[in-house]
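Structure file model-v7.tsv; described as TSV, C-alpha atoms.
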```
chain	number	residue	atom	x	y	z
G	1	MET	CA	0.00	0.00	0.00
G	2	LYS	CA	1.28	3.46	-0.92
G	3	LYS	CA	0.41	5.55	2.07
G	4	ASN	CA	3.26	8.05	1.86
G	5	ALA	CA	1.78	9.99	-1.12
G	6	PHE	CA	-1.42	10.53	0.82
G	7	THR	CA	0.52	11.73	3.86
G	8	THR	CA	2.11	14.54	1.82
G	9	ILE	CA	-1.28	15.68	0.48
G	10	GLU	CA	-2.71	15.40	3.94
G	11	LEU	CA	0.13	17.50	5.29
G	12	ILE	CA	-0.44	20.18	2.64
G	13	VAL	CA	-4.18	20.22	3.31
G	14	SER	CA	-3.57	20.32	7.06
G	15	PHE	CA	-1.10	23.19	6.78
G	16	SER	CA	-3.44	25.08	4.45
G	17	LEU	CA	-6.34	24.68	6.83
G	18	THR	CA	-4.21	25.63	9.80
G	19	THR	CA	-2.95	28.71	7.94
G	20	VAL	CA	-6.49	29.76	6.97
G	21	ILE	CA	-7.67	29.34	10.56
G	22	ALA	CA	-4.64	31.22	11.90
G	23	LEU	CA	-5.29	34.07	9.46
G	24	LEU	CA	-8.98	34.20	10.37
G	25	MET	CA	-8.12	34.20	14.07
G	26	PHE	CA	-5.54	36.91	13.56
G	27	GLN	CA	-7.99	39.08	11.62
G	28	MET	CA	-10.68	38.54	14.20
G	29	ILE	CA	-8.37	39.41	17.09
G	30	ILE	CA	-7.25	42.60	15.31
G	31	SER	CA	-10.87	43.50	14.56
G	32	LEU	CA	-11.97	42.83	18.16
G	33	LYS	CA	-9.02	44.81	19.52
G	34	ASN	CA	-10.01	47.79	17.36
G	35	ILE	CA	-13.62	47.56	18.52
G	36	TYR	CA	-12.45	47.28	22.14
G	37	VAL	CA	-10.20	50.36	21.85
G	38	LYS	CA	-12.88	52.43	20.07
G	39	VAL	CA	-15.57	51.43	22.56
G	40	GLY	CA	-13.24	52.35	25.42
G	41	VAL	CA	-12.56	55.78	23.93
G	42	LYS	CA	-16.25	56.39	23.26
G	43	THR	CA	-17.18	55.32	26.80
G	44	SER	CA	-14.62	57.72	28.22
G	45	LEU	CA	-15.86	60.61	26.02
G	46	LEU	CA	-19.52	60.00	26.90
G	47	THR	CA	-18.74	59.62	30.60
G	48	LYS	CA	-16.99	62.99	30.63
G	49	GLN	CA	-19.82	64.50	28.57
G	50	SER	CA	-22.36	63.18	31.08
G	51	LEU	CA	-20.44	64.45	34.11
G	52	ILE	CA	-19.97	67.96	32.72
G	53	SER	CA	-23.52	68.08	31.38
G	54	ARG	CA	-24.98	67.05	34.74
G	55	THR	CA	-22.87	69.53	36.70
G	56	ILE	CA	-23.85	72.53	34.59
G	57	ASN	CA	-27.44	71.54	33.82
G	58	ARG	CA	-28.14	71.03	37.52
G	59	ASP	CA	-27.47	74.75	38.06
G	60	LEU	CA	-29.38	75.81	34.93
G	61	ASP	CA	-32.39	73.72	36.04
G	62	ASP	CA	-32.44	74.77	39.69
G	63	LYS	CA	-31.44	78.43	39.45
G	64	THR	CA	-32.20	81.47	37.34
G	65	VAL	CA	-29.38	83.02	35.35
G	66	THR	CA	-29.08	86.74	36.01
G	67	SER	CA	-25.85	87.72	34.29
G	68	LEU	CA	-23.29	86.65	31.70
G	69	THR	CA	-19.83	88.19	31.66
G	70	SER	CA	-16.82	87.44	29.52
G	71	CYS	CA	-13.67	86.57	31.48
G	72	GLY	CA	-11.22	86.16	28.62
G	73	ASP	CA	-10.71	83.68	25.80
G	74	SER	CA	-13.06	80.68	26.08
G	75	CYS	CA	-14.25	81.90	29.47
G	76	ILE	CA	-17.57	83.23	30.74
G	77	GLU	CA	-18.93	83.96	34.19
G	78	ILE	CA	-22.51	82.94	34.86
G	79	GLY	CA	-24.32	84.71	37.67
G	80	TYR	CA	-27.35	83.21	39.38
G	81	THR	CA	-30.21	84.65	41.47
G	82	ASP	CA	-28.82	83.11	44.67
G	83	GLY	CA	-25.79	85.37	44.30
G	84	THR	CA	-23.36	82.69	43.13
G	85	VAL	CA	-21.15	83.36	40.14
G	86	LYS	CA	-19.55	80.41	38.38
G	87	GLN	CA	-16.82	80.54	35.79
G	88	LEU	CA	-17.11	78.28	32.74
G	89	LYS	CA	-13.66	78.02	31.20
G	90	ILE	CA	-12.07	75.91	28.49
G	91	ASP	CA	-8.32	75.32	28.64
G	92	LYS	CA	-7.69	74.09	25.09
G	93	GLU	CA	-3.96	73.54	25.58
G	94	ASN	CA	-4.40	71.15	28.50
G	95	ASN	CA	-7.80	69.76	27.41
G	96	ILE	CA	-9.49	70.87	30.62
G	97	ILE	CA	-12.97	72.26	31.02
G	98	SER	CA	-13.81	73.82	34.37
G	99	TYR	CA	-17.06	75.05	35.86
G	100	GLY	CA	-17.04	76.63	39.32
G	101	ASP	CA	-14.92	74.40	41.55
G	102	ASP	CA	-15.19	71.39	39.22
G	103	SER	CA	-12.59	70.59	36.56
G	104	PHE	CA	-12.78	67.87	33.93
G	105	LYS	CA	-9.81	66.65	31.88
G	106	ILE	CA	-10.74	65.12	28.56
G	107	SER	CA	-8.62	62.53	26.75
G	108	ASP	CA	-5.36	63.79	25.20
G	109	SER	CA	-6.46	62.47	21.80
G	110	ALA	CA	-9.64	64.56	21.97
G	111	TYR	CA	-9.80	68.23	21.12
G	112	PHE	CA	-12.21	71.13	21.53
G	113	GLY	CA	-13.99	72.73	18.57
G	114	GLU	CA	-15.08	76.35	18.30
G	115	GLU	CA	-17.35	77.15	21.25
G	116	SER	CA	-20.29	79.54	20.90
G	117	LEU	CA	-22.82	81.42	22.99
G	118	THR	CA	-26.03	82.74	21.44
G	119	ILE	CA	-29.18	84.32	22.78
G	120	THR	CA	-32.37	84.24	20.73
G	121	ALA	CA	-35.18	86.47	21.97
G	122	PHE	CA	-38.78	86.51	20.73
G	123	TYR	CA	-40.89	89.61	21.18
G	124	SER	CA	-44.30	88.29	20.17
G	125	ILE	CA	-44.75	85.21	22.27
G	126	GLU	CA	-48.04	84.49	23.97
G	127	GLY	CA	-49.20	81.95	26.47
G	128	ILE	CA	-45.87	80.52	27.59
G	129	SER	CA	-43.46	81.56	30.29
G	130	TYR	CA	-40.39	81.55	28.02
G	131	ASN	CA	-39.50	84.07	25.37
G	132	ALA	CA	-35.74	83.72	25.05
G	133	ILE	CA	-33.24	80.91	24.59
G	134	LEU	CA	-29.63	80.92	25.76
G	135	ASN	CA	-27.51	78.36	23.94
G	136	ILE	CA	-23.93	77.41	24.81
G	137	LYS	CA	-22.19	74.94	22.52
G	138	ILE	CA	-18.81	73.36	23.28
G	139	PRO	CA	-17.91	70.80	20.59
G	140	ILE	CA	-15.48	68.01	21.52
G	141	TYR	CA	-13.98	65.80	18.81
G	142	HIS	CA	-11.72	62.76	18.83
G	143	GLN	CA	-9.18	61.56	16.28
G	144	LEU	CA	-10.76	58.07	16.18
G	145	TYR	CA	-14.22	59.49	15.45
G	146	GLU	CA	-13.73	62.14	12.79
G	147	GLY	CA	-16.77	64.35	12.33
G	148	GLU	CA	-18.58	63.04	15.41
G	149	ASP	CA	-19.24	65.59	18.14
G	150	TYR	CA	-19.03	64.41	21.76
G	151	GLY	CA	-19.34	67.91	23.10
G	152	LEU	CA	-21.91	69.82	25.10
G	153	ASN	CA	-25.03	71.64	24.07
G	154	PHE	CA	-26.63	73.65	26.87
G	155	VAL	CA	-30.06	75.12	26.28
G	156	TYR	CA	-31.59	77.45	28.85
G	157	GLN	CA	-35.06	78.88	28.23
G	158	TYR	CA	-36.03	81.98	30.19
G	159	ASN	CA	-38.14	85.11	30.20
G	160	TYR	CA	-36.18	88.23	29.32
G	161	SER	CA	-38.32	90.34	31.64
G	162	ASP	CA	-36.81	88.29	34.51
G	163	ALA	CA	-33.24	88.49	33.26
G	164	ASN	CA	-32.10	90.75	30.47
G	165	LEU	CA	-29.07	88.74	29.33
G	166	ASP	CA	-26.74	90.00	26.63
G	167	GLU	CA	-24.62	87.91	24.32
G	168	VAL	CA	-20.98	87.96	25.39
G	169	ASP	CA	-17.78	86.77	23.73
G	170	PHE	CA	-16.97	83.19	24.66
B	171	MET	CA	1.18	-8.82	13.05
B	172	LYS	CA	-0.66	-6.19	11.05
B	173	LYS	CA	0.84	-2.69	11.18
B	174	VAL	CA	-1.60	-0.01	12.34
B	175	GLN	CA	-1.81	2.79	9.78
B	176	LYS	CA	-2.04	6.05	11.74
B	177	ASN	CA	-1.32	8.47	8.89
B	178	GLY	CA	-4.80	8.12	7.39
B	179	PHE	CA	-6.39	9.85	10.35
B	180	MET	CA	-4.43	13.09	9.95
B	181	LEU	CA	-6.85	14.84	7.53
B	182	ALA	CA	-9.90	13.78	9.46
B	183	GLU	CA	-8.35	14.94	12.71
B	184	THR	CA	-7.43	18.31	11.19
B	185	LEU	CA	-10.94	18.72	9.81
B	186	ILE	CA	-12.51	17.93	13.17
B	187	VAL	CA	-10.20	20.31	15.01
B	188	SER	CA	-10.75	22.99	12.31
B	189	VAL	CA	-14.52	22.73	12.58
B	190	PHE	CA	-14.29	22.86	16.37
B	191	VAL	CA	-11.99	25.90	16.35
B	192	LEU	CA	-14.07	27.71	13.72
B	193	THR	CA	-17.29	27.03	15.59
B	194	THR	CA	-15.72	28.37	18.78
B	195	LEU	CA	-14.54	31.47	16.94
B	196	VAL	CA	-17.96	32.09	15.42
B	197	VAL	CA	-19.61	31.73	18.84
B	198	ILE	CA	-17.10	34.11	20.47
B	199	TYR	CA	-17.54	36.61	17.64
B	200	ALA	CA	-21.34	36.44	17.86
B	201	GLN	CA	-21.17	37.02	21.63
B	202	PHE	CA	-18.81	39.94	21.18
B	203	ARG	CA	-21.06	41.46	18.53
B	204	MET	CA	-23.98	41.19	20.92
B	205	ILE	CA	-22.03	42.97	23.67
B	206	ASN	CA	-20.90	45.57	21.16
B	207	SER	CA	-24.46	46.26	20.00
B	208	SER	CA	-25.52	46.61	23.65
B	209	TYR	CA	-22.80	49.22	24.01
B	210	SER	CA	-24.18	50.98	20.91
B	211	TYR	CA	-27.57	51.22	22.58
B	212	THR	CA	-25.92	52.84	25.61
B	213	PHE	CA	-24.12	55.29	23.35
B	214	LYS	CA	-27.15	56.20	21.27
B	215	TYR	CA	-30.15	55.93	23.53
B	216	ASN	CA	-31.00	58.35	26.35
B	217	THR	CA	-27.55	59.79	26.95
B	218	VAL	CA	-27.35	62.23	29.86
B	219	ASN	CA	-26.86	65.24	27.59
B	220	ASN	CA	-29.85	64.23	25.44
B	221	ILE	CA	-32.07	63.68	28.45
B	222	TYR	CA	-31.38	67.24	29.58
B	223	LEU	CA	-32.09	68.55	26.06
B	224	THR	CA	-35.29	66.51	25.89
B	225	ASP	CA	-36.28	67.85	29.29
B	226	GLU	CA	-35.95	71.41	27.91
B	227	LEU	CA	-38.18	70.38	25.02
B	228	ARG	CA	-40.67	68.83	27.41
B	229	SER	CA	-40.82	72.01	29.54
B	230	TYR	CA	-41.65	73.95	26.41
B	231	LEU	CA	-44.18	71.47	24.96
B	232	ASN	CA	-46.02	71.24	28.29
B	233	GLU	CA	-46.93	74.90	27.80
B	234	ASP	CA	-47.33	75.27	24.06
B	235	ILE	CA	-49.10	72.27	22.50
B	236	THR	CA	-52.69	72.69	21.40
B	237	SER	CA	-55.65	70.57	22.50
B	238	ASP	CA	-55.94	69.40	18.86
B	239	LEU	CA	-52.77	67.40	19.28
B	240	LEU	CA	-54.08	65.30	22.15
B	241	ASN	CA	-57.50	64.94	20.48
B	242	ASP	CA	-55.98	63.80	17.20
B	243	LEU	CA	-53.70	61.39	19.00
B	244	GLU	CA	-56.77	59.47	20.16
B	245	SER	CA	-57.96	58.88	16.60
B	246	VAL	CA	-54.95	58.53	14.27
B	247	ASP	CA	-54.14	55.08	12.91
B	248	GLU	CA	-50.41	55.67	13.32
B	249	LYS	CA	-50.81	56.02	17.13
B	250	PHE	CA	-48.35	58.90	17.12
B	251	ILE	CA	-48.24	62.50	15.93
B	252	GLU	CA	-45.10	63.96	14.46
B	253	ILE	CA	-44.47	67.60	15.32
B	254	SER	CA	-40.98	67.90	13.79
B	255	TYR	CA	-42.15	70.84	11.64
B	256	CYS	CA	-43.95	72.72	14.46
B	257	GLN	CA	-47.27	72.63	12.62
B	258	SER	CA	-49.52	75.50	13.70
B	259	LYS	CA	-52.36	73.04	14.25
B	260	TYR	CA	-50.42	71.52	17.13
B	261	ILE	CA	-48.09	74.29	18.30
B	262	ASN	CA	-49.12	77.83	19.29
B	263	ASN	CA	-45.81	79.67	18.88
B	264	THR	CA	-44.39	78.06	15.76
B	265	ASN	CA	-41.51	80.51	15.36
B	266	TYR	CA	-40.22	79.83	18.86
B	267	CYS	CA	-40.76	76.10	18.32
B	268	ASN	CA	-38.73	76.06	15.07
B	269	ASN	CA	-35.88	77.96	16.69
B	270	LEU	CA	-35.86	75.69	19.71
B	271	PHE	CA	-35.81	72.58	17.50
B	272	ASP	CA	-32.86	74.03	15.55
B	273	ILE	CA	-30.94	74.85	18.72
B	274	LEU	CA	-31.64	71.43	20.19
B	275	GLU	CA	-30.45	69.90	16.86
B	276	ILE	CA	-33.59	67.82	16.63
B	277	ASN	CA	-34.30	65.57	13.68
B	278	GLN	CA	-37.72	64.18	14.56
B	279	VAL	CA	-40.22	64.61	17.42
B	280	LEU	CA	-43.10	62.24	18.05
B	281	ILE	CA	-45.87	62.52	20.60
B	282	THR	CA	-47.44	59.24	21.62
B	283	LYS	CA	-49.40	57.78	24.46
B	284	ASP	CA	-47.17	56.59	27.29
B	285	ASP	CA	-48.47	53.05	26.76
B	286	LEU	CA	-46.70	52.16	23.53
B	287	THR	CA	-48.34	48.77	23.05
B	288	ASN	CA	-50.69	50.02	20.31
B	289	LEU	CA	-47.93	51.95	18.57
B	290	LYS	CA	-45.63	48.92	18.57
B	291	GLU	CA	-48.46	46.79	17.13
B	292	ALA	CA	-49.21	49.42	14.47
B	293	LEU	CA	-45.54	49.56	13.48
B	294	LYS	CA	-45.46	45.79	12.95
B	295	THR	CA	-48.02	46.03	10.16
B	296	THR	CA	-47.10	49.39	8.62
B	297	ARG	CA	-43.60	50.88	8.72
B	298	TYR	CA	-44.58	54.51	9.42
B	299	LEU	CA	-41.13	55.28	10.78
B	300	ASP	CA	-37.55	54.41	9.85
B	301	GLU	CA	-35.96	51.23	11.21
B	302	LYS	CA	-33.68	53.01	13.67
B	303	MET	CA	-36.58	54.88	15.26
B	304	ILE	CA	-38.59	51.64	15.45
B	305	SER	CA	-35.64	49.90	17.16
B	306	PHE	CA	-35.51	52.70	19.72
B	307	ILE	CA	-39.26	52.59	20.34
B	308	ASP	CA	-38.96	48.84	20.96
B	309	THR	CA	-36.60	49.52	23.88
B	310	ILE	CA	-38.99	51.94	25.65
B	311	LYS	CA	-40.75	50.31	28.57
B	312	TYR	CA	-44.17	51.25	29.86
B	313	ASP	CA	-44.56	51.34	33.63
B	314	GLY	CA	-48.34	51.34	33.81
B	315	LEU	CA	-49.25	55.00	34.27
B	316	ASP	CA	-52.61	55.76	32.67
B	317	ASN	CA	-53.53	58.79	30.57
B	318	THR	CA	-50.04	60.12	30.17
B	319	TYR	CA	-48.18	60.99	27.00
B	320	ARG	CA	-44.62	60.57	25.84
B	321	ILE	CA	-42.23	62.50	23.64
B	322	ILE	CA	-39.80	60.54	21.51
B	323	VAL	CA	-36.97	62.53	19.96
B	324	SER	CA	-34.32	61.67	17.41
B	325	TYR	CA	-31.38	64.04	17.21
B	326	GLN	CA	-29.33	65.02	14.19
B	327	ASP	CA	-26.30	63.11	15.48
B	328	GLY	CA	-28.24	59.82	15.31
B	329	THR	CA	-29.04	59.62	19.03
B	330	TYR	CA	-32.47	59.14	20.59
B	331	ALA	CA	-34.18	60.10	23.83
B	332	SER	CA	-37.61	59.81	25.31
B	333	LEU	CA	-39.40	61.29	28.31
B	334	ARG	CA	-42.93	61.21	29.65
B	335	LEU	CA	-44.92	64.43	29.19
B	336	ASN	CA	-46.18	65.84	32.48
```
As structure tokens, the full file:
Amino acid sequence: MKKNAFTTIELIVSFSLTTVIALLMFQMIISLKNIYVKVGVKTSLLTKQSLISRTINRDLDDKTVTSLTSCGDSCIEIGYTDGTVKQLKIDKENNIISYGDDSFKISDSAYFGEESLTITAFYSIEGISYNAILNIKIPIYHQLYEGEDYGLNFVYQYNYSDANLDEVDF
Amino acid sequence: MKKVQKNGFMLAETLIVSVFVLTTLVVIYAQFRMINSSYSYTFKYNTVNNIYLTDELRSYLNEDITSDLLNDLESVDEKFIEISYCQSKYINNTNYCNNLFDILEINQVLITKDDLTNLKEALKTTRYLDEKMISFIDTIKYDGLDNTYRIIVSYQDGTYASLRLN
């Protein structure tokens, strides 16, 4: 019986199969690693977004804004009816955003976009308690997610007869 | 004494091991995909920032929707009313509404009853909404409060949020 010829073919087939499996495994591990890294980055970005959002929105929900003052580049001071004044500042060089006594450092691979502050007032509103909208936008981007904004969008509706806020440079 | 031929088993053994390894890989991959899609839900649905934005919308809608909206909601086949365009039939101050929607970066706003059972049933037969919105609606749970309404919002960045109207 000539078994040796079959052994060679079997060896080739075995090696081919092993190579295919090894390649598939390798590709899958690379793909899973990429997903793992991206998910980790996204989790970190959204966690920071949530923390900052909660800190600032808690004040905007509970208090009434009475004044807005510029305090330099990427810095505004927000005054509230209870007499407190909190500084909202973005340190773009060190990737730090601070509000009052709280500071948040975002990932080094992330970066801030162009922040903005706008006030839209309506002079012919009837039947609702709001007639003006203060909007503060602080975009945050990450190299791994080009074009996706993980920043902050604060919307504060108020009545301009209660607080006559003016747009300030931010 | 007859010599035992062991070489013949090599291919079969490789095939068995290959199938076993591949099956294991497929199972691991499927599990990982499932975990990954669960993460996607967390990233896209009801993020803290979106909940605050939706709460601003809710504060406004509580004051500015017309009685027509709630009346029509009782009769429409779709079981929801879309107010993404601030129609004057449903919104009193349409200019304010349009500006607010722009600032909030809203893509679509639906008003439904808090009990979404009928809406979910209606969506099974007729696809009134896009698949992503339907997937989000499927995740919303009803906790048994009668006669309440719900706002469902999709944002321009592909995220979704929902809150009960007061």
For atom CA of G:Val39 and atom CA of B:Lys214, the interatomic separation in Å (one decimal):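 Atom-to-atom, atom CA of G:Val39 and atom CA of B:Lys214 are spaced 12.6 Å apart.
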Residue nearest B:Asn220 - candidates G:Ser53, G:Thr120, G:Ser74, G:Asn135, atoms counted: only C-alpha atoms: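 For B:Asn220, the nearest of the given residues is G:Ser53.
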What are the nearest atom pairs, with distances in Å to one decimal, for all residues of chain G that come at most 7 Å from chain B, using all atoms listed in the file, set out by chain and rising residue number as JSON lines?
```
{"residue": "G:Thr7", "atom": "CA", "partner": "B:Asn177", "partner_atom": "CA", "distance": 6.3}
{"residue": "G:Glu10", "atom": "CA", "partner": "B:Leu181", "partner_atom": "CA", "distance": 5.5}
{"residue": "G:Ser14", "atom": "CA", "partner": "B:Thr184", "partner_atom": "CA", "distance": 6.0}
{"residue": "G:Ser50", "atom": "CA", "partner": "B:Val218", "partner_atom": "CA", "distance": 5.2}
{"residue": "G:Ser53", "atom": "CA", "partner": "B:Asn219", "partner_atom": "CA", "distance": 5.8}
{"residue": "G:Ile125", "atom": "CA", "partner": "B:Asn263", "partner_atom": "CA", "distance": 6.6}
{"residue": "G:Ile128", "atom": "CA", "partner": "B:Glu233", "partner_atom": "CA", "distance": 5.7}
{"residue": "G:Val155", "atom": "CA", "partner": "B:Leu223", "partner_atom": "CA", "distance": 6.9}
```
Atom pair atom CA of B:Asp284 / atom CA of B:Arg320: separation (Å):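 Computing the Euclidean distance for atom CA of B:Asp284 and atom CA of B:Arg320 yields 4.9 Å.
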As a PDB file with C-alpha atoms, in the coordinates of the input, please: the residues near G:Thr118 (cut-off 7 Å, all atoms listed in the file, same-chain neighbours under 6 positions excluded).
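Saved result, out03.pdb, follows:
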```
ATOM      1  CA  LEU G 134     -29.630  80.920  25.760  1.00  0.00           C
ATOM      2  CA  ASN G 135     -27.510  78.360  23.940  1.00  0.00           C
ATOM      3  CA  ILE G 136     -23.930  77.410  24.810  1.00  0.00           C
ATOM      4  CA  GLU G 167     -24.620  87.910  24.320  1.00  0.00           C
TER       5      GLU G 167
END
```
Long-range neighbours of B:Lys290 as a list of chain:residue names, 9 Å cut-off, all atoms listed in the file, 3 positions minimum in chain: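 Counting only the stated atoms, we get B:Lys249, B:Leu286, B:Thr287, B:Leu293, B:Lys294, B:Ile304, B:Ile307, B:Asp308.
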Build an axis-aligned box that encloses every atom of stretch 77-88 of chain G listed in the file, pad it by 8 Å on each side, and report its centre and edge lengths in Å to one decimal, as JSON.
```
{"center_x": -23.5, "center_y": 81.8, "center_z": 38.7, "size_x": 29.4, "size_y": 23.1, "size_z": 27.9}
```
Considering all atoms listed in the file, return as a PDB file with C-alpha atoms, in the frame of the given file whatever protein or nucleic-acid residues lie within 7 Å of stretch 60-67 of chain G, sequence-local ones (same chain, fewer than 4 positions apart) excluded.
```
ATOM      1  CA  ILE G  56     -23.850  72.530  34.590  1.00  0.00           C
ATOM      2  CA  ILE G  78     -22.510  82.940  34.860  1.00  0.00           C
ATOM      3  CA  GLY G  79     -24.320  84.710  37.670  1.00  0.00           C
ATOM      4  CA  TYR G  80     -27.350  83.210  39.380  1.00  0.00           C
ATOM      5  CA  THR G  81     -30.210  84.650  41.470  1.00  0.00           C
ATOM      6  CA  TYR G 156     -31.590  77.450  28.850  1.00  0.00           C
ATOM      7  CA  ALA G 163     -33.240  88.490  33.260  1.00  0.00           C
ATOM      8  CA  LEU G 165     -29.070  88.740  29.330  1.00  0.00           C
TER       9      LEU G 165
END
```
Shortest interatomic distance to G:His142 - which of G:Thr8, G:Ser44, G:Thr55, G:Ser124, counting only C-alpha atoms: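 Among the listed residues, the smallest separation from G:His142 belongs to G:Ser44.
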Atom pair atom CA of B:Asp300 / atom CA of B:Gln257: separation (Å):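 Taking atom CA of B:Asp300 as the start and atom CA of B:Gln257 as the end point, the length is 20.8 Å.
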